[in-house]
Amino acid sequence: MKKHWRDMSLLLGAIGIANIGEWIYMIALHLLIFQETGSVLAVTAVYMLRPVASLLTNSWSGSLIDRLNQRKVMISLDISRAILIACIPFAIFSGYLLTLYVIVFLIQMAQAMFHPASMVYMTGLIPADNRKRFNAIRSLLQSGGFLLGPAVAGLLFLIGTPVFSIYINAICLLVSALFTMCLPNLLKQDANQKGFTLSMLKEDAKLVLRFSLTSRQIMTVYLLFSAAITVLPTAIDSLETAFAKEVLLLTDTQYGLLVSIAGAGIIAGAGLNSVIVEKLTVSIMLGVGSLFVACGYLIYAFSSTLFAAAVGFFILAFFLAFANTGFMTFYQTNIPVEVMGRVASFYALVEAILTIMMTGFSGGLAHVLSIRTSVVIGSLCMLLVCLLLCFVIFRPLTGKKIVHPT
């Protein structure tokens with residue numbers, strides 16, 4: 001038992017340090033690009049690299065992840081990202097913007113691979129009885145990174161420069177790799193002897209399809225949750241600044257307060273979640289948590305004052321930790337670890353495509369109709385998807401049984 005908690009603490013430490021470092025990196029990167037180019041478009045282009053990198057990477061990364069030693073993959077990706085991030089200042093100051101985008105694109109590809117690799121590894125490492133508690137603490141650390149990362153970045157800007165912050169992030173990733181090196185090896189073999197071929201990718205695609213068809217309810221929950229908590233919120237959030245400034249007519253200070261209230265909601269929800277997680281079932285956290293997130297977005301969509309928008313932001317942020325913890329535990333319980341990398345990568349590819357489509361549709365709708373109309377329609381769609389998610393989770397089961405850990 002002590003060894004399990006030691007390993008969990010090391011893994012949580014690696015996740016927490018890397019998460020804080022990522023926030024520092026993103027803020028410093030955007031600031032550096034804007035300082036050197038003076039172009040908002042140049043900064044916006046960085047945001048587009050993430051979904052494009054996911055599209056390119058997730059089509060094949062799962063096949064590698066399930067066949068490789070996931071611990072070694074995580075260490076290699078941390079070190080690779082640290083080296084690439086350390087090269088960013090040289091690319092910026094040399095004036096070769098294309099080189100910078102190539103480096104950032106490679107970093108995003110590494111991040112796209114890291115998520116399914118870490119998911120497979122942590123599922124194998126953490127005993128089933130401890131997963132809810134682990135996921136709750138992990139959610140708290142990620143929420144802390146949401147607030148602590150920008151705060152640390154601001155402090156680093158006071159005592160140094162954005163370049164200094166970039167190097168701090170590289171160091172964070174090296175520390176994360178060091179922590180991961182202290183974790184046990186779960187696999188002895190490093191790779192499948194057949195090698196990496198196109199026919200292997202085709203076989204893996206068929207495997208994911210077979211698993212999806214024989215586990216319809218499980219994958220329906222997966223897709224509905226992704227649509228409700230990732231795809232639609234991303235589309236709505238893309239209009240957040242415009243909604244706050246042009247619809248609610250908030251000042252910069254008021255908008256900053258609104259974001260701070262959301263951060264407070266995240267911390268409060270994640271903190272309470274980590275305390276009472278053992279008293280809640282996964283189905284309650286997943287279904288009811290998602291439903292309240294949608295209700296928060298709906299309050300925000302119909303708000304006309306700062307107070308109403310703040311209430312909506314706090315509610316959606318508060319219950320996000322419960323929904324994410326429930327989904328992570330559900331996912332780890334119902335998807336076999338030997339195919340988890342391939343399933344995660346394939347559906348991440350689908351998620352990236354849907355996110356790009358819905359974000360474009362949301363922006364187009366805001367242009368043709370109005371910003372509020374687009375946000376309201378997106379929030380109503382989210383509520384409908386969450387109601388359908390609750391129906392699937394709580395209805396009498398058919399076919400392959402969904403496992404609801406207590």
# chains A, B, ... in the order shown; residues from 1 in each chain; ligands from 1
call {"tool": "residues_around", "arguments": {"residues": "stretch 84-96 of chain A", "least_positions_apart": "5", "cutoff": "7 Å", "atoms": "only C-alpha atoms", "output": "number ranges by chain"}}
result
A: 103, 107, 163, 166-167, 170
call {"tool": "residues_around", "arguments": {"residues": "A:Asp66", "least_positions_apart": "6", "cutoff": "10 Å", "atoms": "only C-alpha atoms", "output": "PyMOL selection string"}}
result
chain A and resi 116-117+120-121+191-192+337-343
call {"tool": "residues_around", "arguments": {"residues": "stretch 28-35 of chain A", "least_positions_apart": "5", "cutoff": "7 Å", "atoms": "only C-alpha atoms", "output": "NGL selection string"}}
result
:A and (40 or 43 or 162 or 165-166)
call {"tool": "closest_residue", "arguments": {"among": "A:Ala366, A:Leu155, A:Cys390, A:Ala82", "to": "A:Val175", "atoms": "only C-alpha atoms"}}
result
A:Ala82
call {"tool": "select_by_dssp", "arguments": {"residues": "stretch 166-258 of chain A", "states": "helix (DSSP H, G or I)", "output": "PyMOL selection string"}}
result
chain A and resi 166-181+198-214+216-237+240-247+252-258
call {"tool": "closest_residue", "arguments": {"among": "A:Thr180, A:Ser274, A:Ser199, A:Thr325", "to": "A:Ser9", "atoms": "only C-alpha atoms"}}
result
A:Thr180
call {"tool": "atom_distance", "arguments": {"atom1": "atom CA of A:Ala317", "atom2": "atom CA of A:Ala262"}}
result
5.7 Å
call {"tool": "residues_around", "arguments": {"residues": "A:Ile75", "least_positions_apart": "2", "cutoff": "9 Å", "atoms": "only C-alpha atoms", "output": "PyMOL selection string"}}
result
chain A and resi 70-73+77-80+174+176-178+180-181
call {"tool": "write_last_selection", "arguments": {"atoms": "N, CA and C atoms", "output": "tab-separated table (two decimals), in the first residue's frame"}}
result
chain	number	residue	atom	x	y	z
A	70	GLN	N	5.12	2.48	-22.12
A	70	GLN	CA	4.53	3.81	-21.96
A	70	GLN	C	5.35	4.71	-21.04
A	71	ARG	N	5.99	4.15	-20.05
A	71	ARG	CA	6.83	4.95	-19.16
A	71	ARG	C	7.98	5.58	-19.94
A	72	LYS	N	8.62	4.79	-20.80
A	72	LYS	CA	9.72	5.32	-21.61
A	72	LYS	C	9.21	6.36	-22.62
A	73	VAL	N	8.01	6.14	-23.14
A	73	VAL	CA	7.42	7.11	-24.07
A	73	VAL	C	7.22	8.44	-23.36
A	77	LEU	N	9.07	11.90	-24.35
A	77	LEU	CA	8.28	13.05	-24.79
A	77	LEU	C	8.55	14.27	-23.91
A	78	ASP	N	8.70	14.06	-22.61
A	78	ASP	CA	9.03	15.18	-21.71
A	78	ASP	C	10.38	15.80	-22.08
A	79	ILE	N	11.37	14.96	-22.30
A	79	ILE	CA	12.71	15.46	-22.65
A	79	ILE	C	12.70	16.14	-24.02
A	80	SER	N	11.99	15.53	-24.97
A	80	SER	CA	11.91	16.12	-26.32
A	80	SER	C	11.25	17.49	-26.28
A	174	LEU	N	11.86	18.70	-17.60
A	174	LEU	CA	12.96	17.82	-17.23
A	174	LEU	C	12.74	17.24	-15.83
A	176	SER	N	9.78	16.79	-14.48
A	176	SER	CA	8.70	15.82	-14.68
A	176	SER	C	9.24	14.49	-15.21
A	177	ALA	N	10.18	14.56	-16.15
A	177	ALA	CA	10.81	13.35	-16.69
A	177	ALA	C	11.58	12.61	-15.59
A	178	LEU	N	12.25	13.37	-14.72
A	178	LEU	CA	13.01	12.76	-13.62
A	178	LEU	C	12.08	12.03	-12.67
A	180	THR	N	9.18	10.75	-13.44
A	180	THR	CA	8.67	9.57	-14.15
A	180	THR	C	9.71	8.45	-14.17
A	181	MET	N	11.00	8.82	-14.24
A	181	MET	CA	12.06	7.81	-14.20
A	181	MET	C	12.06	7.02	-12.89
call {"tool": "closest_residue", "arguments": {"among": "A:Met122, A:Ala42, A:Ala323, A:Ile371", "to": "A:Val282", "atoms": "only C-alpha atoms"}}
result
A:Ala323
call {"tool": "closest_residue", "arguments": {"among": "A:Arg6, A:Arg138, A:Lys206, A:Arg81", "to": "A:Glu22", "atoms": "only C-alpha atoms"}}
result
A:Arg81
call {"tool": "residues_around", "arguments": {"residues": "A:Ile356", "least_positions_apart": "6", "cutoff": "12 Å", "atoms": "only C-alpha atoms", "output": "list in words"}}
result
Tyr47, Met48, Leu49, Arg50, Pro51, Val52, Ser54, Leu55, Thr230, Val231, Leu232, Thr234, Ala235, Ser238, Leu349, Val350, Ser362 and Gly363 of chain A
call {"tool": "closest_residue", "arguments": {"among": "A:Ile261, A:Tyr222, A:Glu278, A:Ile335", "to": "A:Val311", "atoms": "only C-alpha atoms"}}
result
A:Ile261
call {"tool": "atom_distance", "arguments": {"atom1": "atom CA of A:Leu248", "atom2": "atom CA of A:Met382"}}
result
21.4 Å
call {"tool": "atom_distance", "arguments": {"atom1": "atom CA of A:Leu224", "atom2": "atom CA of A:Val385"}}
result
6.4 Å
call {"tool": "closest_residue", "arguments": {"among": "A:Val102, A:Met109, A:Ile377, A:Thr214", "to": "A:Leu365", "atoms": "only C-alpha atoms"}}
result
A:Ile377
call {"tool": "residues_around", "arguments": {"residues": "A:Ile229", "least_positions_apart": "4", "cutoff": "12 Å", "atoms": "only C-alpha atoms", "output": "PyMOL selection string"}}
result
chain A and resi 221-225+233-237+286-287+289-294+297+316-317+319-324+327+351+355+378-379+381-383+385-386+389
call {"tool": "write_last_selection", "arguments": {"atoms": "N, CA and C atoms", "output": "compact mmCIF listing (two decimals), in the first residue's frame"}}
result
# COMPACT_ATOMS: atom_id res chain seq x y z
N VAL A 221 -21.29 6.86 -24.31
CA VAL A 221 -20.99 7.74 -23.17
C VAL A 221 -19.73 8.55 -23.47
N TYR A 222 -18.71 7.90 -24.02
CA TYR A 222 -17.45 8.58 -24.36
C TYR A 222 -17.70 9.73 -25.34
N LEU A 223 -18.43 9.45 -26.40
CA LEU A 223 -18.66 10.46 -27.44
C LEU A 223 -19.55 11.60 -26.93
N LEU A 224 -20.59 11.25 -26.17
CA LEU A 224 -21.47 12.28 -25.64
C LEU A 224 -20.75 13.19 -24.67
N PHE A 225 -19.91 12.62 -23.82
CA PHE A 225 -19.15 13.44 -22.87
C PHE A 225 -18.18 14.35 -23.61
N PRO A 233 -18.08 23.26 -25.56
CA PRO A 233 -17.48 24.36 -24.78
C PRO A 233 -16.36 25.09 -25.51
N THR A 234 -15.55 24.35 -26.29
CA THR A 234 -14.49 25.01 -27.05
C THR A 234 -15.07 25.98 -28.07
N ALA A 235 -16.15 25.55 -28.73
CA ALA A 235 -16.80 26.43 -29.70
C ALA A 235 -17.38 27.67 -29.03
N ILE A 236 -18.00 27.48 -27.87
CA ILE A 236 -18.58 28.61 -27.14
C ILE A 236 -17.48 29.52 -26.59
N ASP A 237 -16.43 28.92 -26.04
CA ASP A 237 -15.34 29.70 -25.45
C ASP A 237 -14.60 30.54 -26.49
N LEU A 286 -20.28 11.86 -13.18
CA LEU A 286 -20.22 12.01 -14.64
C LEU A 286 -21.49 12.65 -15.19
N GLY A 287 -22.65 12.11 -14.83
CA GLY A 287 -23.91 12.59 -15.38
C GLY A 287 -24.37 13.92 -14.81
N GLY A 289 -22.68 15.99 -12.83
CA GLY A 289 -21.65 17.01 -12.99
C GLY A 289 -21.71 17.67 -14.35
N SER A 290 -21.85 16.86 -15.40
CA SER A 290 -21.94 17.39 -16.76
C SER A 290 -23.19 18.25 -16.94
N LEU A 291 -24.29 17.81 -16.33
CA LEU A 291 -25.55 18.55 -16.45
C LEU A 291 -25.43 19.95 -15.83
N PHE A 292 -24.78 20.05 -14.69
CA PHE A 292 -24.62 21.34 -14.04
C PHE A 292 -23.63 22.23 -14.80
N VAL A 293 -22.64 21.62 -15.44
CA VAL A 293 -21.74 22.40 -16.30
C VAL A 293 -22.54 23.06 -17.42
N ALA A 294 -23.44 22.29 -18.04
CA ALA A 294 -24.29 22.83 -19.10
C ALA A 294 -25.21 23.93 -18.58
N TYR A 297 -23.26 27.13 -18.30
CA TYR A 297 -23.11 27.76 -19.61
C TYR A 297 -24.40 28.45 -20.05
N LEU A 316 -20.40 26.50 -13.74
CA LEU A 316 -19.81 25.59 -14.74
C LEU A 316 -18.40 25.17 -14.32
N ALA A 317 -17.63 26.11 -13.77
CA ALA A 317 -16.27 25.78 -13.35
C ALA A 317 -16.27 24.86 -12.14
N PHE A 319 -18.50 22.57 -11.18
CA PHE A 319 -18.90 21.18 -11.43
C PHE A 319 -18.04 20.49 -12.49
N LEU A 320 -17.15 21.23 -13.13
CA LEU A 320 -16.29 20.63 -14.15
C LEU A 320 -15.38 19.57 -13.55
N ALA A 321 -14.89 19.80 -12.33
CA ALA A 321 -14.00 18.83 -11.67
C ALA A 321 -14.72 17.51 -11.42
N PHE A 322 -15.98 17.58 -10.99
CA PHE A 322 -16.76 16.36 -10.74
C PHE A 322 -16.98 15.59 -12.04
N ALA A 323 -17.34 16.31 -13.11
CA ALA A 323 -17.58 15.65 -14.39
C ALA A 323 -16.31 14.99 -14.92
N ASN A 324 -15.18 15.70 -14.86
CA ASN A 324 -13.92 15.15 -15.37
C ASN A 324 -13.44 13.95 -14.57
N PHE A 327 -15.63 10.99 -15.47
CA PHE A 327 -15.33 10.47 -16.80
C PHE A 327 -14.00 9.71 -16.81
N GLU A 351 -12.58 13.78 -32.10
CA GLU A 351 -12.86 14.97 -31.29
C GLU A 351 -12.23 16.23 -31.89
N THR A 355 -14.22 19.44 -33.15
CA THR A 355 -13.92 20.73 -32.51
C THR A 355 -13.67 21.80 -33.55
N GLY A 378 -25.32 27.18 -28.84
CA GLY A 378 -24.31 26.24 -28.37
C GLY A 378 -24.60 25.72 -26.98
N SER A 379 -25.06 26.59 -26.08
CA SER A 379 -25.37 26.18 -24.71
C SER A 379 -26.59 25.27 -24.65
N CYS A 381 -27.58 23.29 -27.09
CA CYS A 381 -27.10 22.00 -27.64
C CYS A 381 -26.35 21.21 -26.56
N MET A 382 -25.53 21.92 -25.77
CA MET A 382 -24.79 21.26 -24.70
C MET A 382 -25.74 20.66 -23.66
N LEU A 383 -26.78 21.41 -23.31
CA LEU A 383 -27.75 20.90 -22.34
C LEU A 383 -28.45 19.65 -22.87
N VAL A 385 -27.30 17.50 -25.10
CA VAL A 385 -26.33 16.39 -25.12
C VAL A 385 -26.13 15.84 -23.71
N CYS A 386 -26.08 16.72 -22.69
CA CYS A 386 -25.90 16.27 -21.32
C CYS A 386 -27.11 15.49 -20.82
N LEU A 389 -26.78 12.20 -22.28
CA LEU A 389 -25.72 11.49 -21.56
C LEU A 389 -26.26 10.88 -20.27
call {"tool": "decode", "arguments": {"residues": "stretch 87-133 of chain A", "atoms": "N, CA and C atoms", "output": "PDB file, in the first residue's frame"}}
result
ATOM      1  N   CYS A  87      14.566  25.768 -27.558  1.00  0.00           N
ATOM      2  CA  CYS A  87      14.976  26.321 -28.862  1.00  0.00           C
ATOM      3  C   CYS A  87      14.100  27.480 -29.325  1.00  0.00           C
ATOM      4  N   ILE A  88      12.961  27.670 -28.672  1.00  0.00           N
ATOM      5  CA  ILE A  88      12.009  28.698 -29.115  1.00  0.00           C
ATOM      6  C   ILE A  88      12.604  30.110 -29.136  1.00  0.00           C
ATOM      7  N   PRO A  89      13.290  30.563 -28.069  1.00  0.00           N
ATOM      8  CA  PRO A  89      13.848  31.932 -28.111  1.00  0.00           C
ATOM      9  C   PRO A  89      14.795  32.159 -29.288  1.00  0.00           C
ATOM     10  N   PHE A  90      15.600  31.146 -29.626  1.00  0.00           N
ATOM     11  CA  PHE A  90      16.526  31.286 -30.758  1.00  0.00           C
ATOM     12  C   PHE A  90      15.749  31.460 -32.062  1.00  0.00           C
ATOM     13  N   ALA A  91      14.633  30.713 -32.209  1.00  0.00           N
ATOM     14  CA  ALA A  91      13.828  30.815 -33.430  1.00  0.00           C
ATOM     15  C   ALA A  91      13.159  32.183 -33.529  1.00  0.00           C
ATOM     16  N   ILE A  92      12.686  32.696 -32.399  1.00  0.00           N
ATOM     17  CA  ILE A  92      12.001  33.989 -32.412  1.00  0.00           C
ATOM     18  C   ILE A  92      12.972  35.120 -32.750  1.00  0.00           C
ATOM     19  N   PHE A  93      14.111  35.143 -32.061  1.00  0.00           N
ATOM     20  CA  PHE A  93      15.049  36.251 -32.233  1.00  0.00           C
ATOM     21  C   PHE A  93      15.823  36.186 -33.550  1.00  0.00           C
ATOM     22  N   SER A  94      15.823  35.016 -34.182  1.00  0.00           N
ATOM     23  CA  SER A  94      16.465  34.919 -35.493  1.00  0.00           C
ATOM     24  C   SER A  94      15.577  35.491 -36.596  1.00  0.00           C
ATOM     25  N   GLY A  95      14.286  35.693 -36.245  1.00  0.00           N
ATOM     26  CA  GLY A  95      13.361  36.277 -37.215  1.00  0.00           C
ATOM     27  C   GLY A  95      12.709  35.274 -38.135  1.00  0.00           C
ATOM     28  N   TYR A  96      12.980  33.979 -37.941  1.00  0.00           N
ATOM     29  CA  TYR A  96      12.396  32.950 -38.808  1.00  0.00           C
ATOM     30  C   TYR A  96      11.102  32.435 -38.168  1.00  0.00           C
ATOM     31  N   LEU A  97       9.991  33.099 -38.478  1.00  0.00           N
ATOM     32  CA  LEU A  97       8.714  32.757 -37.868  1.00  0.00           C
ATOM     33  C   LEU A  97       8.264  31.352 -38.258  1.00  0.00           C
ATOM     34  N   LEU A  98       8.565  30.944 -39.486  1.00  0.00           N
ATOM     35  CA  LEU A  98       8.189  29.609 -39.937  1.00  0.00           C
ATOM     36  C   LEU A  98       8.886  28.540 -39.095  1.00  0.00           C
ATOM     37  N   THR A  99      10.169  28.768 -38.778  1.00  0.00           N
ATOM     38  CA  THR A  99      10.908  27.831 -37.922  1.00  0.00           C
ATOM     39  C   THR A  99      10.252  27.714 -36.552  1.00  0.00           C
ATOM     40  N   LEU A 100       9.805  28.858 -36.026  1.00  0.00           N
ATOM     41  CA  LEU A 100       9.119  28.853 -34.732  1.00  0.00           C
ATOM     42  C   LEU A 100       7.852  28.012 -34.796  1.00  0.00           C
ATOM     43  N   TYR A 101       7.059  28.196 -35.843  1.00  0.00           N
ATOM     44  CA  TYR A 101       5.813  27.437 -35.962  1.00  0.00           C
ATOM     45  C   TYR A 101       6.083  25.939 -36.110  1.00  0.00           C
ATOM     46  N   VAL A 102       7.154  25.580 -36.791  1.00  0.00           N
ATOM     47  CA  VAL A 102       7.515  24.160 -36.917  1.00  0.00           C
ATOM     48  C   VAL A 102       7.854  23.587 -35.547  1.00  0.00           C
ATOM     49  N   ILE A 103       8.616  24.350 -34.745  1.00  0.00           N
ATOM     50  CA  ILE A 103       8.981  23.896 -33.394  1.00  0.00           C
ATOM     51  C   ILE A 103       7.732  23.740 -32.532  1.00  0.00           C
ATOM     52  N   VAL A 104       6.856  24.753 -32.550  1.00  0.00           N
ATOM     53  CA  VAL A 104       5.625  24.696 -31.756  1.00  0.00           C
ATOM     54  C   VAL A 104       4.740  23.541 -32.222  1.00  0.00           C
ATOM     55  N   PHE A 105       4.694  23.306 -33.527  1.00  0.00           N
ATOM     56  CA  PHE A 105       3.907  22.201 -34.071  1.00  0.00           C
ATOM     57  C   PHE A 105       4.433  20.853 -33.555  1.00  0.00           C
ATOM     58  N   LEU A 106       5.747  20.691 -33.526  1.00  0.00           N
ATOM     59  CA  LEU A 106       6.342  19.455 -33.002  1.00  0.00           C
ATOM     60  C   LEU A 106       6.039  19.291 -31.514  1.00  0.00           C
ATOM     61  N   ILE A 107       6.052  20.400 -30.773  1.00  0.00           N
ATOM     62  CA  ILE A 107       5.706  20.352 -29.345  1.00  0.00           C
ATOM     63  C   ILE A 107       4.264  19.899 -29.165  1.00  0.00           C
ATOM     64  N   GLN A 108       3.365  20.428 -29.992  1.00  0.00           N
ATOM     65  CA  GLN A 108       1.959  20.043 -29.910  1.00  0.00           C
ATOM     66  C   GLN A 108       1.754  18.578 -30.291  1.00  0.00           C
ATOM     67  N   MET A 109       2.536  18.085 -31.246  1.00  0.00           N
ATOM     68  CA  MET A 109       2.466  16.667 -31.599  1.00  0.00           C
ATOM     69  C   MET A 109       2.887  15.802 -30.412  1.00  0.00           C
ATOM     70  N   ALA A 110       3.950  16.218 -29.740  1.00  0.00           N
ATOM     71  CA  ALA A 110       4.422  15.478 -28.564  1.00  0.00           C
ATOM     72  C   ALA A 110       3.371  15.493 -27.465  1.00  0.00           C
ATOM     73  N   GLN A 111       2.701  16.632 -27.272  1.00  0.00           N
ATOM     74  CA  GLN A 111       1.648  16.712 -26.266  1.00  0.00           C
ATOM     75  C   GLN A 111       0.461  15.831 -26.637  1.00  0.00           C
ATOM     76  N   ALA A 112       0.146  15.769 -27.923  1.00  0.00           N
ATOM     77  CA  ALA A 112      -0.955  14.922 -28.379  1.00  0.00           C
ATOM     78  C   ALA A 112      -0.660  13.445 -28.125  1.00  0.00           C
ATOM     79  N   MET A 113       0.605  13.054 -28.213  1.00  0.00           N
ATOM     80  CA  MET A 113       0.999  11.674 -27.920  1.00  0.00           C
ATOM     81  C   MET A 113       1.061  11.420 -26.421  1.00  0.00           C
ATOM     82  N   PHE A 114       1.438  12.453 -25.665  1.00  0.00           N
ATOM     83  CA  PHE A 114       1.664  12.262 -24.228  1.00  0.00           C
ATOM     84  C   PHE A 114       0.376  11.892 -23.505  1.00  0.00           C
ATOM     85  N   HIS A 115      -0.744  12.517 -23.886  1.00  0.00           N
ATOM     86  CA  HIS A 115      -1.999  12.276 -23.160  1.00  0.00           C
ATOM     87  C   HIS A 115      -2.423  10.805 -23.179  1.00  0.00           C
ATOM     88  N   PRO A 116      -2.551  10.153 -24.354  1.00  0.00           N
ATOM     89  CA  PRO A 116      -2.941   8.734 -24.323  1.00  0.00           C
ATOM     90  C   PRO A 116      -1.888   7.839 -23.677  1.00  0.00           C
ATOM     91  N   ALA A 117      -0.602   8.175 -23.840  1.00  0.00           N
ATOM     92  CA  ALA A 117       0.455   7.371 -23.216  1.00  0.00           C
ATOM     93  C   ALA A 117       0.351   7.429 -21.699  1.00  0.00           C
ATOM     94  N   SER A 118       0.144   8.627 -21.152  1.00  0.00           N
ATOM     95  CA  SER A 118       0.023   8.777 -19.705  1.00  0.00           C
ATOM     96  C   SER A 118      -1.256   8.129 -19.195  1.00  0.00           C
ATOM     97  N   MET A 119      -2.319   8.181 -19.993  1.00  0.00           N
ATOM     98  CA  MET A 119      -3.577   7.549 -19.601  1.00  0.00           C
ATOM     99  C   MET A 119      -3.410   6.042 -19.463  1.00  0.00           C
ATOM    100  N   VAL A 120      -2.757   5.423 -20.443  1.00  0.00           N
ATOM    101  CA  VAL A 120      -2.519   3.975 -20.393  1.00  0.00           C
ATOM    102  C   VAL A 120      -1.642   3.631 -19.196  1.00  0.00           C
ATOM    103  N   TYR A 121      -0.583   4.410 -18.990  1.00  0.00           N
ATOM    104  CA  TYR A 121       0.357   4.109 -17.902  1.00  0.00           C
ATOM    105  C   TYR A 121      -0.307   4.261 -16.540  1.00  0.00           C
ATOM    106  N   MET A 122      -1.016   5.352 -16.331  1.00  0.00           N
ATOM    107  CA  MET A 122      -1.610   5.578 -15.010  1.00  0.00           C
ATOM    108  C   MET A 122      -2.721   4.566 -14.720  1.00  0.00           C
ATOM    109  N   THR A 123      -3.427   4.097 -15.752  1.00  0.00           N
ATOM    110  CA  THR A 123      -4.453   3.085 -15.540  1.00  0.00           C
ATOM    111  C   THR A 123      -3.837   1.773 -15.081  1.00  0.00           C
ATOM    112  N   GLY A 124      -2.687   1.423 -15.667  1.00  0.00           N
ATOM    113  CA  GLY A 124      -1.993   0.215 -15.242  1.00  0.00           C
ATOM    114  C   GLY A 124      -1.326   0.366 -13.888  1.00  0.00           C
ATOM    115  N   LEU A 125      -0.892   1.567 -13.554  1.00  0.00           N
ATOM    116  CA  LEU A 125      -0.157   1.801 -12.305  1.00  0.00           C
ATOM    117  C   LEU A 125      -1.073   1.908 -11.101  1.00  0.00           C
ATOM    118  N   ILE A 126      -2.214   2.599 -11.248  1.00  0.00           N
ATOM    119  CA  ILE A 126      -3.081   2.893 -10.109  1.00  0.00           C
ATOM    120  C   ILE A 126      -4.075   1.750  -9.906  1.00  0.00           C
ATOM    121  N   PRO A 127      -4.117   1.143  -8.723  1.00  0.00           N
ATOM    122  CA  PRO A 127      -5.113   0.097  -8.448  1.00  0.00           C
ATOM    123  C   PRO A 127      -6.529   0.629  -8.622  1.00  0.00           C
ATOM    124  N   ALA A 128      -7.433  -0.245  -9.047  1.00  0.00           N
ATOM    125  CA  ALA A 128      -8.804   0.179  -9.356  1.00  0.00           C
ATOM    126  C   ALA A 128      -9.475   0.871  -8.179  1.00  0.00           C
ATOM    127  N   ASP A 129      -9.205   0.406  -6.951  1.00  0.00           N
ATOM    128  CA  ASP A 129      -9.843   0.983  -5.766  1.00  0.00           C
ATOM    129  C   ASP A 129      -9.378   2.406  -5.484  1.00  0.00           C
ATOM    130  N   ASN A 130      -8.228   2.796  -6.034  1.00  0.00           N
ATOM    131  CA  ASN A 130      -7.675   4.124  -5.753  1.00  0.00           C
ATOM    132  C   ASN A 130      -7.881   5.127  -6.888  1.00  0.00           C
ATOM    133  N   ARG A 131      -8.511   4.698  -7.966  1.00  0.00           N
ATOM    134  CA  ARG A 131      -8.583   5.557  -9.152  1.00  0.00           C
ATOM    135  C   ARG A 131      -9.432   6.803  -8.943  1.00  0.00           C
ATOM    136  N   LYS A 132     -10.561   6.663  -8.238  1.00  0.00           N
ATOM    137  CA  LYS A 132     -11.388   7.850  -8.009  1.00  0.00           C
ATOM    138  C   LYS A 132     -10.621   8.902  -7.217  1.00  0.00           C
ATOM    139  N   ARG A 133      -9.964   8.468  -6.156  1.00  0.00           N
ATOM    140  CA  ARG A 133      -9.194   9.396  -5.332  1.00  0.00           C
ATOM    141  C   ARG A 133      -8.062  10.019  -6.137  1.00  0.00           C
TER     142      ARG A 133
END
